[in-house]
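Q: Mind having a look at this structure? Questions to follow.
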2 protein chains.
Amino acid sequence: MIESFFFPKTIAVIGATANPKKFGNAVTSNILKNKNLKSEVFLITPTNGEILGNPCYKSLCDVPKDIDLAIILVPAKIVEKVVDDCIEKKVKGIIIVTAGFGEIDEAGKKVEEKIAQKCKDAGIRVIGPNCVGIQNVDIGLNASFIQPPPPGNISMISQSGSFGCGVFYAMEKEGIGCSKFANLGNMCDVSFKEILQFYRDDPNSEIICIYMETVSDGRGFFNELKNITPHKPVVVLKGGVTGTGMKAASSHTGSVATNFEILKASIKQTGGILCENVDDFITVLKSYSSLPLPKGERVAVLTNSGGSSVLFSDEAEKYNIKFASFSENLIEKIKPNLISIVKYVNPLDMIAGAGENEYYKVTKAMLEDPEIDAVVPCCVIPPFLEMSPIEHYRGIIRAWNETGRKKPIMPLMFLGDNFKDLHALAKEENAPVFYTPHEAAFALKAGIDRMKRFNSKHLD
Amino acid sequence: MIESFFFPKTIAVIGATANPKKFGNAVTSNILKNKNLKSEVFLITPTNGEILGNPCYKSLCDVPKDIDLAIILVPAKIVEKVVDDCIEKKVKGIIIVTAGFGEIDEAGKKVEEKIAQKCKDAGIRVIGPNCVGIQNVDIGLNASFIQPPPPGNISMISQSGSFGCGVFYAMEKEGIGCSKFANLGNMCDVSFKEILQFYRDDPNSEIICIYMETVSDGRGFFNELKNITPHKPVVVLKGGVTGTGMKAASSHTGSVATNFEILKASIKQTGGILCENVDDFITVLKSYSSLPLPKGERVAVLTNSGGSSVLFSDEAEKYNIKFASFSENLIEKIKPNLISIVKYVNPLDMIAGAGENEYYKVTKAMLEDPEIDAVVPCCVIPPFLEMSPIEHYRGIIRAWNETGRKKPIMPLMFLGDNFKDLHALAKEENAPVFYTPHEAAFALKAGIDRMKRFNSKHLD
């Protein structure tokens with residue numbers, strides 16, 4: 001049944017409007033914007049006429065076809081009437097975007113429950129009310145009032161719509177993207193758990209991420225995580241983990257306090273990963289989305305800047321990451337590329353003059369070495385010797401490409417976030433960049449944790 | 001004496017070269033690049049001739065004027081001879097950029113010590129060897145082989161040259177900048193402590209920051225911090241805080257292990273701030289550089305997005321930041337600007353439709369409120385209702401400007417790092433932006449910590 005929400009053949013937008021100052025317009029135009037969307041869209045508005053060049057129907061009942069998905073944008077006070085139309089029309093699923101129900105007061109809660117019961121009796125599933133909507137980026141369906149994320153392999157469920165919006169901005173920047181997105185609002189019917197089940201079985205949802213402020217059906221939720229995690233990583237961020245945050249969350253989504261320590265232990269037990277903050281949340285998504293898992297936990301570090309690799313080592317040790325010992329074989333292989341004062345210890349400091357060729361040759365040798373499981377090339381972009389700001393990264397990615405991207409690399413371009421060409425090259429290559437030692441170390445830790453939990457057979 | 005390094009009237013560049021593939025060229029051209037530099041520059045090169053249109057001298061002794069600062073770029077094996085020339089010429093200070101001394105082997109260490117002793121006997125101060133050099137951004141002096149930072153009020157001393165280089169990139173991005181910079185290399189003579197003393201008395205060095213991998217003269221260093229911190233904030237990052245990091249640091253700067261816990265306690269005692277990682281280091285610099293200290297610890301939070309303020313609240317509670325109670329007076333003042341469903345609690349969720357006007361009015365009312373010491377306007381940039389991506393920030397900064405920038409604000413544009421117009425507006429306004437809840441909370445914590453320590457008289 002959840003299928004009807006993400007893969008509707010026919011969609012009715014009820015309360016469609018051409019007024020750009022209304023939320024309903026954002027949803028209407030987001031749906032209409034994509035000319036490649038295969039779903040047939042019907043606009044319903046009492047004033048009839050045309051919206052953005054599309055004909056409109058006065059009532060849902062006038063639509064000449066069966067409707068898979070009805071999206072309700074009308075004011076709260078007439079939502080119930082529109083839901084009755086949907087029941088009569090035998091739609092399969094309803095998204096109620098409209099706010100002003102259980103999140104407002106007891107009276108709103110009553111109406112919400114009544115609507116939910118009616119739909120349940122009629123066998124219709126409901127998402128919302130008070131929600132941002134859903135997206136299926138794979139088919140170009142944006143049934144929400146926020147922007148579409150870049151396409152990708154991550155599917156998200158977020159208890160806050162604006163959180164999703166912010167993460168999409170971050171995805172744009174980081175070169176990762178979404179397959180599906182859902183914000184469920186007051187969850188009068190469809191729950192987190194059901195969306196998770198859908199993502200579990202959806203081949204394009206390779207990584208699943210969750211932002212939540214409360215857990216309603218704890219047992220069901222954790223059981224579902226346990227089902228998913230051996231097959232797909234599940235990354236969780238919880239808003240309202242402190243007293244102050246919970247107070248804020250309660251005013252936001254009306255959620256009641258959840259004990260964070262219990263939550264943390266429970267999620268760990270399921271094999272999911274609970275992040276401490278949104279920075280780490282994005283980093284883990286980047287790691288799982290763009291890197292293979294390591295087959296072991298031995299990392300090799302190379303650098304043109306002692307400082308950056310010292311700071312990376314500090315972060316790496318926090319997570320007990322193991323530093324590989326360089327074999328004689330590896331040293332023999334890389335020595336001809338490096339200047340005489342280089343010391344063959346891990347991290348390998350190639351000194352400031354190292355450029356594209358040194359990064360390419362050494363990264364490649366490390367990736368090919370059977371005693372190394374992951375490579376962290378650190379680099380401070382040199383402003384001297386006429387080097388190109390992107391040449392080191394280019395060398396690193398070339399090495400990664402030529403070794404079939406079989407091992408994870410975390411290119412740490414130390415504080416190089418301001419180099420637009422670097423972002424552009426990373427996007428073009430569909431490869432990750434990290435800008436701080438913490439980010440690179442945390443991305444590696446996420447990979448090692450998952451490998452240890454689920455792929456221990458790969459360990460020697 | 002340190003004055004001669006930062007404010008030299010005459011400079012001799014010994015080993016100047018026009019070959020862009022040599023480090024010496026980076027230093028030479030960095031010095032010559034700035035046509036406004038008042039210092040007179042003399043280039044010394046054995047081949048004579050011209051470099052970048054400037055005449056050259058064959059030997060330092062041929063220069064017809066007294067020299068304040070000699071910068072040595074010649075190969076290691078002839079550095080001692082050049083130092084002899086400097087002694088004969090009675091220069092005031094020498095920077096030996098050339099590497100290949102104590103950091104390499106025992107023989108190198110011996111030569112380094114011999115040079116240091118000679119200069120000491122002659123009353124000449126020496127920075128280096130094996131260093132990136134120094135900069136005085138205020139007068140446009142770049143006596144180093146890295147790029148100049150943007151101008152600003154921060155003075156830095158870094159044990160890693162490339163660390164400085166990376167931080168300059170970050171400063172460019174964050175709209176903050178430097179007054180002075182020093183990388184001292186092997187420190188055969190001039191020490192951290194002396195540079196700190198110089199920064200202490202330098203009016204343009206309003207904030208002092210330090211990257212170090214080892215402390216040589218611990219007692220002197222901590223005493224100096226204690227002298228400075230009541231007048232200027234001192235922000236410290238230590239590389240090599242873990243066993244692995246220390247091993248890496250030892251290979252990098254030859255430093256010996258320092259007990260991190262002792263260091264942490266010692267720096268706290270001096271009133272300085274020791275950061276856990278480079279992300280926090282940049283955040284604290286941003287906070288001190290661009291924001292006034294709060295006069296109390298009561299924060300008010302406003303938002304258009306529940307999720308972002310929930311996450312901010314979580315971070316704020318980690319640092320025991322106090323949330324202000326809204327007075328009747330404040331509520332009366334802001335109510336007319338907000339829609340009816342808004343709940344008057346802190347954080348104040350103005351709901352997704354709030355735009356420039358709401359942000360301007362509410363931020364201003366909060367800044368004017370005597371029961372509020374700092375304001376955190378959170379915002380997820382809305383992709384709907386035809387809002388401009390920068391209007392919320394514009395409203396916030398207008399409110400801050402009109403209240404004389406007397407209280408700190410931490411505008412949290414949640415994950416909005418990818419909006420170029422936002423960066424541009426922040427730079428134009430010389431105002432900070434924060435992109436993650438952690439960053440905004442940590443910036444506020446840094447202000448509160450310093451206020452509590454040194455301005456307790458302001459507390460009610």
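For the structure tokens, the naming scheme is as follows: chains receive sequential letters (A, B, ...) according to their order of presentation, residues are indexed from 1 within each chain, and ligands are indexed from 1 in presentation order.
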Which residues in stretch 406-459 of chain A does DSSP call helix (DSSP H, G or I)? List them as number ranges by chain.
A: A: 420-429, 437-454, 456-458
Q: Which residues of chain A have any atom within 7 Å of an atom in chain B when counting only C-alpha atoms, and what is the closest pair of atoms for each, with the distance in Å to one decimal? Order the rows by chain and rising number and write it as a Markdown table.
A:
| residue | atom | partner | partner_atom | distance |
| --- | --- | --- | --- | --- |
| A:Pro20 | CA | B:Leu385 | CA | 5.7 |
| A:Lys21 | CA | B:Leu385 | CA | 4.7 |
| A:Lys22 | CA | B:Leu385 | CA | 6.2 |
| A:Phe23 | CA | B:Leu385 | CA | 6.6 |
| A:Ala26 | CA | B:Phe384 | CA | 5.9 |
| A:Phe145 | CA | B:Phe384 | CA | 6.8 |
| A:Ile146 | CA | B:Pro383 | CA | 5.8 |
| A:Gln147 | CA | B:Pro383 | CA | 5.9 |
| A:Ser160 | CA | B:Gly307 | CA | 5.6 |
| A:Ser162 | CA | B:Ser305 | CA | 5.8 |
| A:Phe163 | CA | B:Gly307 | CA | 5.7 |
| A:Gly166 | CA | B:Leu415 | CA | 5.3 |
| A:Val167 | CA | B:Leu415 | CA | 6.7 |
| A:Tyr169 | CA | B:Gly416 | CA | 6.3 |
| A:Ala170 | CA | B:Leu415 | CA | 5.7 |
| A:Lys173 | CA | B:Asn418 | CA | 5.8 |
| A:Gly239 | CA | B:Leu311 | CA | 5.5 |
| A:Gly240 | CA | B:Val310 | CA | 5.8 |
| A:Val241 | CA | B:Asp314 | CA | 6.0 |
| A:Thr242 | CA | B:Asp314 | CA | 5.3 |
| A:Thr244 | CA | B:Ser313 | CA | 5.7 |
| A:Gly245 | CA | B:Asp314 | CA | 4.5 |
| A:Ala248 | CA | B:Val310 | CA | 5.3 |
| A:Ala249 | CA | B:Val310 | CA | 5.5 |
| A:His252 | CA | B:Gly306 | CA | 5.2 |
| A:Ser305 | CA | B:Ser162 | CA | 5.8 |
| A:Gly306 | CA | B:His252 | CA | 5.2 |
| A:Gly307 | CA | B:Ser160 | CA | 5.6 |
| A:Ser308 | CA | B:Phe163 | CA | 6.7 |
| A:Val310 | CA | B:Gly245 | CA | 5.0 |
| A:Leu311 | CA | B:Gly239 | CA | 5.5 |
| A:Ser313 | CA | B:Gly245 | CA | 4.5 |
| A:Asp314 | CA | B:Gly245 | CA | 4.5 |
| A:Glu317 | CA | B:Thr244 | CA | 6.3 |
| A:Pro347 | CA | B:Ala248 | CA | 6.4 |
| A:Val380 | CA | B:Gly166 | CA | 6.1 |
| A:Pro383 | CA | B:Ile146 | CA | 5.8 |
| A:Phe384 | CA | B:Ala26 | CA | 5.9 |
| A:Leu385 | CA | B:Lys21 | CA | 4.7 |
| A:Glu386 | CA | B:Pro20 | CA | 6.6 |
| A:Phe414 | CA | B:Gly166 | CA | 6.1 |
| A:Leu415 | CA | B:Gly166 | CA | 5.3 |
| A:Gly416 | CA | B:Tyr169 | CA | 6.4 |
| A:Asn418 | CA | B:Lys173 | CA | 5.8 |
Q: For C-alpha atoms, I'd like the residues from the last selection saved as a PDB file, in the first residue's frame.
A:
ATOM      1  CA  PRO A  20       2.936  31.716  -5.116  1.00  0.00           C
ATOM      2  CA  LYS A  21       2.429  33.132  -1.614  1.00  0.00           C
ATOM      3  CA  LYS A  22       0.643  29.935  -0.504  1.00  0.00           C
ATOM      4  CA  PHE A  23       2.215  26.643   0.593  1.00  0.00           C
ATOM      5  CA  ALA A  26       4.747  25.144  -3.659  1.00  0.00           C
ATOM      6  CA  PHE A 145       6.608  21.877  -0.478  1.00  0.00           C
ATOM      7  CA  ILE A 146      10.394  21.705  -0.206  1.00  0.00           C
ATOM      8  CA  GLN A 147      12.974  21.530  -2.964  1.00  0.00           C
ATOM      9  CA  SER A 160      10.977  17.635  10.788  1.00  0.00           C
ATOM     10  CA  SER A 162      12.739  21.705   7.460  1.00  0.00           C
ATOM     11  CA  PHE A 163      15.444  19.328   8.696  1.00  0.00           C
ATOM     12  CA  GLY A 166      18.548  21.619   5.311  1.00  0.00           C
ATOM     13  CA  VAL A 167      20.016  18.170   4.672  1.00  0.00           C
ATOM     14  CA  TYR A 169      21.266  21.724   0.907  1.00  0.00           C
ATOM     15  CA  ALA A 170      24.112  19.822   2.531  1.00  0.00           C
ATOM     16  CA  LYS A 173      27.269  20.624  -1.352  1.00  0.00           C
ATOM     17  CA  GLY A 239      16.570  15.800  18.203  1.00  0.00           C
ATOM     18  CA  GLY A 240      15.740  16.536  21.818  1.00  0.00           C
ATOM     19  CA  VAL A 241      18.402  14.492  23.573  1.00  0.00           C
ATOM     20  CA  THR A 242      18.791  16.929  26.472  1.00  0.00           C
ATOM     21  CA  THR A 244      16.303  21.733  26.947  1.00  0.00           C
ATOM     22  CA  GLY A 245      16.221  20.067  23.556  1.00  0.00           C
ATOM     23  CA  ALA A 248      12.000  22.500  22.446  1.00  0.00           C
ATOM     24  CA  ALA A 249      11.020  19.284  20.667  1.00  0.00           C
ATOM     25  CA  HIS A 252       7.837  21.512  17.958  1.00  0.00           C
ATOM     26  CA  SER A 305      51.704  18.631   5.746  1.00  0.00           C
ATOM     27  CA  GLY A 306      52.732  17.235   9.103  1.00  0.00           C
ATOM     28  CA  GLY A 307      50.159  19.316  10.978  1.00  0.00           C
ATOM     29  CA  SER A 308      47.156  17.929   9.150  1.00  0.00           C
ATOM     30  CA  VAL A 310      49.035  14.884  13.295  1.00  0.00           C
ATOM     31  CA  LEU A 311      45.503  16.237  13.795  1.00  0.00           C
ATOM     32  CA  SER A 313      46.015  10.869  13.989  1.00  0.00           C
ATOM     33  CA  ASP A 314      44.564  12.451  17.121  1.00  0.00           C
ATOM     34  CA  GLU A 317      42.962   7.381  17.930  1.00  0.00           C
ATOM     35  CA  PRO A 347      51.627   8.829   8.598  1.00  0.00           C
ATOM     36  CA  VAL A 380      47.081  21.242   2.655  1.00  0.00           C
ATOM     37  CA  PRO A 383      49.945  28.150  -2.480  1.00  0.00           C
ATOM     38  CA  PHE A 384      53.455  27.879  -3.925  1.00  0.00           C
ATOM     39  CA  LEU A 385      55.642  26.154  -6.550  1.00  0.00           C
ATOM     40  CA  GLU A 386      52.974  26.895  -9.191  1.00  0.00           C
ATOM     41  CA  PHE A 414      42.608  20.292   5.137  1.00  0.00           C
ATOM     42  CA  LEU A 415      40.303  23.346   5.492  1.00  0.00           C
ATOM     43  CA  GLY A 416      40.117  23.519   1.677  1.00  0.00           C
ATOM     44  CA  ASN A 418      36.622  27.321  -0.058  1.00  0.00           C
TER      45      ASN A 418
END
Q: Give me the residues near A:Asn455 as number ranges by chain, where near means some atom within 10 Å (using only C-alpha atoms) and where sequence neighbours in that chain fewer than 6 positions away do not count.
A: A: 230, 293-296, 448-449
Q: Write the residues you've just listed into a file as a short mmCIF file (atom, residue, chain, number, x, y, z; two decimals), in the first residue's frame, and include C-alpha atoms for each of them.
A:
data_model
loop_
_atom_site.label_atom_id
_atom_site.label_comp_id
_atom_site.auth_asym_id
_atom_site.auth_seq_id
_atom_site.Cartn_x
_atom_site.Cartn_y
_atom_site.Cartn_z
CA PRO A 230 22.37 -6.43 8.01
CA LEU A 293 33.39 -0.67 3.37
CA PRO A 294 36.95 -1.53 4.40
CA LYS A 295 37.77 -5.23 4.68
CA GLY A 296 39.89 -4.64 7.76
CA ILE A 448 35.03 0.10 10.19
CA ASP A 449 32.13 -0.19 12.65
#
Q: Would you mind listing what lies within 12 Å of B:Pro64 as a list in words, with only C-alpha atoms counted and same-chain residues fewer than 3 positions away left out?
A: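 So, after excluding close chain neighbours, the residues are Thr10, Ala12, Glu40, Val41, Phe42, Tyr57, Ser59, Leu60, Cys61, Ile67 and Lys89 of chain B.
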Q: What's the 12 Å shell around A:Ser287, counting only C-alpha atoms, without same-chain residues fewer than 2 positions away, as an NGL selection string?
A: :A and (154 or 174-176 or 207 or 233 or 235 or 280-285 or 289-294 or 408-411 or 431-434 or 439-450)
Q: Do you know which residues are at most 6 Å from stretch 360-367 of chain A counting only C-alpha atoms, after dropping those on the same chain fewer than 3 positions away, and could you put them as a short mmCIF file (atom, residue, chain, number, x, y, z; two decimals) with N, CA, C and O atoms, in the first residue's frame?
A:
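Now in selection30.cif:
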data_model
loop_
_atom_site.label_atom_id
_atom_site.label_comp_id
_atom_site.auth_asym_id
_atom_site.auth_seq_id
_atom_site.Cartn_x
_atom_site.Cartn_y
_atom_site.Cartn_z
N ILE A 334 57.39 2.82 -3.19
CA ILE A 334 57.11 4.26 -3.20
C ILE A 334 58.37 5.12 -3.12
O ILE A 334 58.36 6.27 -3.53
N GLU A 356 50.91 16.22 -7.64
CA GLU A 356 49.98 15.24 -8.19
C GLU A 356 50.61 13.85 -8.35
O GLU A 356 50.02 12.85 -7.97
N ASN A 357 51.81 13.82 -8.90
CA ASN A 357 52.44 12.54 -9.19
C ASN A 357 52.73 11.75 -7.92
O ASN A 357 52.47 10.55 -7.84
N GLY A 395 45.26 13.46 -8.39
CA GLY A 395 46.15 12.29 -8.30
C GLY A 395 45.56 11.20 -7.43
O GLY A 395 45.62 10.01 -7.75
N ILE A 396 44.98 11.61 -6.31
CA ILE A 396 44.38 10.66 -5.37
C ILE A 396 43.23 9.89 -6.04
O ILE A 396 43.15 8.66 -5.96
N ALA A 399 44.27 7.39 -8.67
CA ALA A 399 44.74 6.15 -8.04
C ALA A 399 43.56 5.29 -7.61
O ALA A 399 43.55 4.07 -7.77
#
Q: Between atom CA of B:Ala116 and atom CA of B:Asp201, what is the spacing in Å?
A: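 Taking atom CA of B:Asp201 as the start and atom CA of B:Ala116 as the end point, the length is 26.0 Å.
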Q: Choose the residue, out of A:Arg125, A:Lys333, A:Lys286, A:Lys120, that has the smallest atom-to-atom separation from A:Asn153; count only C-alpha atoms.
A: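 Between A:Arg125, A:Lys333, A:Lys286, A:Lys120, the residue approaching A:Asn153 most closely is A:Lys286.
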Q: If you run DSSP on the backbone, which residues of stretch 102-242 of chain B are strand (DSSP E or B), as a PyMOL selection string?
A: chain B and resi 125-127+133-136+141-144+151-158+178-183+207-212+234-238
Q: Name all residues at most 8 Å from stretch 126-136 of chain B (count only C-alpha atoms; drop same-chain ones fewer than 6 positions away) and give them as an MDAnalysis selection string.
A: chainID B and resid 5:7 93:101 103 112 116 119 142:146 148 161 179:190
Q: What is the distance between atom CA of A:Leu422 and atom CA of A:Tyr359, in Å to one decimal?
A: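 So the two atoms, atom CA of A:Leu422 and atom CA of A:Tyr359, lie 15.5 Å apart.
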Q: Could you please determine the separation between atom CA of B:Met350 and atom CA of B:Pro377 in Å, to one decimal place?
A: 10.7 Å
Q: Find the residue from B:Val301, B:Ile195, B:Val63, B:Val74 that sits nearest to B:Pro46; use only C-alpha atoms when measuring.
A: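 Distance minimum relative to B:Pro46 lands on B:Val74.
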Q: My list of candidates is A:Ser191, A:Thr270, A:Ser325, A:Gln117. Which is closest to A:Asn227 when distances are computed with only C-alpha atoms?
A: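 The answer is A:Thr270, which sits nearest to A:Asn227.
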